Amino acid sequence: MKKYRCACGYVYDPEKGDPEHGIRPGTAFEDLPDDWRCPTCGADKTRFKMVDE
């Protein structure tokens, strides 16, 4: 699964998810709820870009 980086630098890693905000490990970025926000700056999903790692 692809990782996505927010404009603030936070990287969403689907293998880790975002358990502090109810997102289970293994959740693809595309499957995040529409109201999910960056845990660092609060930006919505449109501020994220796919990372080539």
# chains A, B, ... in the order shown; residues from 1 in each chain; ligands from 1
$ select_by_dssp --residues "chain A" --states "strand (DSSP E)" --output "NGL selection string"
:A and (3-6 or 11-12 or 48-51)
$ closest_residue --among "A:Val11, A:Gly22, A:Gly17, A:Cys6" --to "Asp44 in chain A" --atoms "only C-alpha atoms"
A:Cys6
$ residues_around --residues "Thr27 in chain A" --least-positions-apart "6" --cutoff "12 Å" --atoms "only C-alpha atoms" --output "MDAnalysis selection string"
chainID A and resid 1:3 12:19 33
$ closest_residue --among "A:Glu20, A:Asp35, A:Tyr10, A:Ala28" --to "Phe48 in chain A" --atoms "only C-alpha atoms"
A:Tyr10
$ atom_distance --atom1 "CA of Ala7 in chain A" --atom2 "CA of Ala43 in chain A"
8.3 Å
$ atom_distance --atom1 "CA of Tyr4 in chain A" --atom2 "CA of Asp52 in chain A"
8.8 Å
$ atom_distance --atom1 "CA of Arg47 in chain A" --atom2 "CA of Cys8 in chain A"
8.8 Å
$ select_by_dssp --residues "chain A" --states "helix (DSSP H, G or I)" --output "mmCIF file with C-alpha atoms, in the first residue's frame"
data_model
loop_
_atom_site.group_PDB
_atom_site.id
_atom_site.type_symbol
_atom_site.label_atom_id
_atom_site.label_comp_id
_atom_site.auth_asym_id
_atom_site.auth_seq_id
_atom_site.Cartn_x
_atom_site.Cartn_y
_atom_site.Cartn_z
ATOM 1 C CA PRO A 19 -4.940 4.013 15.935
ATOM 2 C CA GLU A 20 -5.167 7.138 18.116
ATOM 3 C CA HIS A 21 -7.943 8.345 15.812
ATOM 4 C CA PHE A 29 -5.436 5.970 2.362
ATOM 5 C CA GLU A 30 -8.304 5.720 -0.126
ATOM 6 C CA ASP A 31 -10.381 3.928 2.526
ATOM 7 C CA LYS A 45 -7.189 14.436 2.762
ATOM 8 C CA THR A 46 -6.865 16.792 -0.227
ATOM 9 C CA ARG A 47 -3.619 18.177 1.254
#
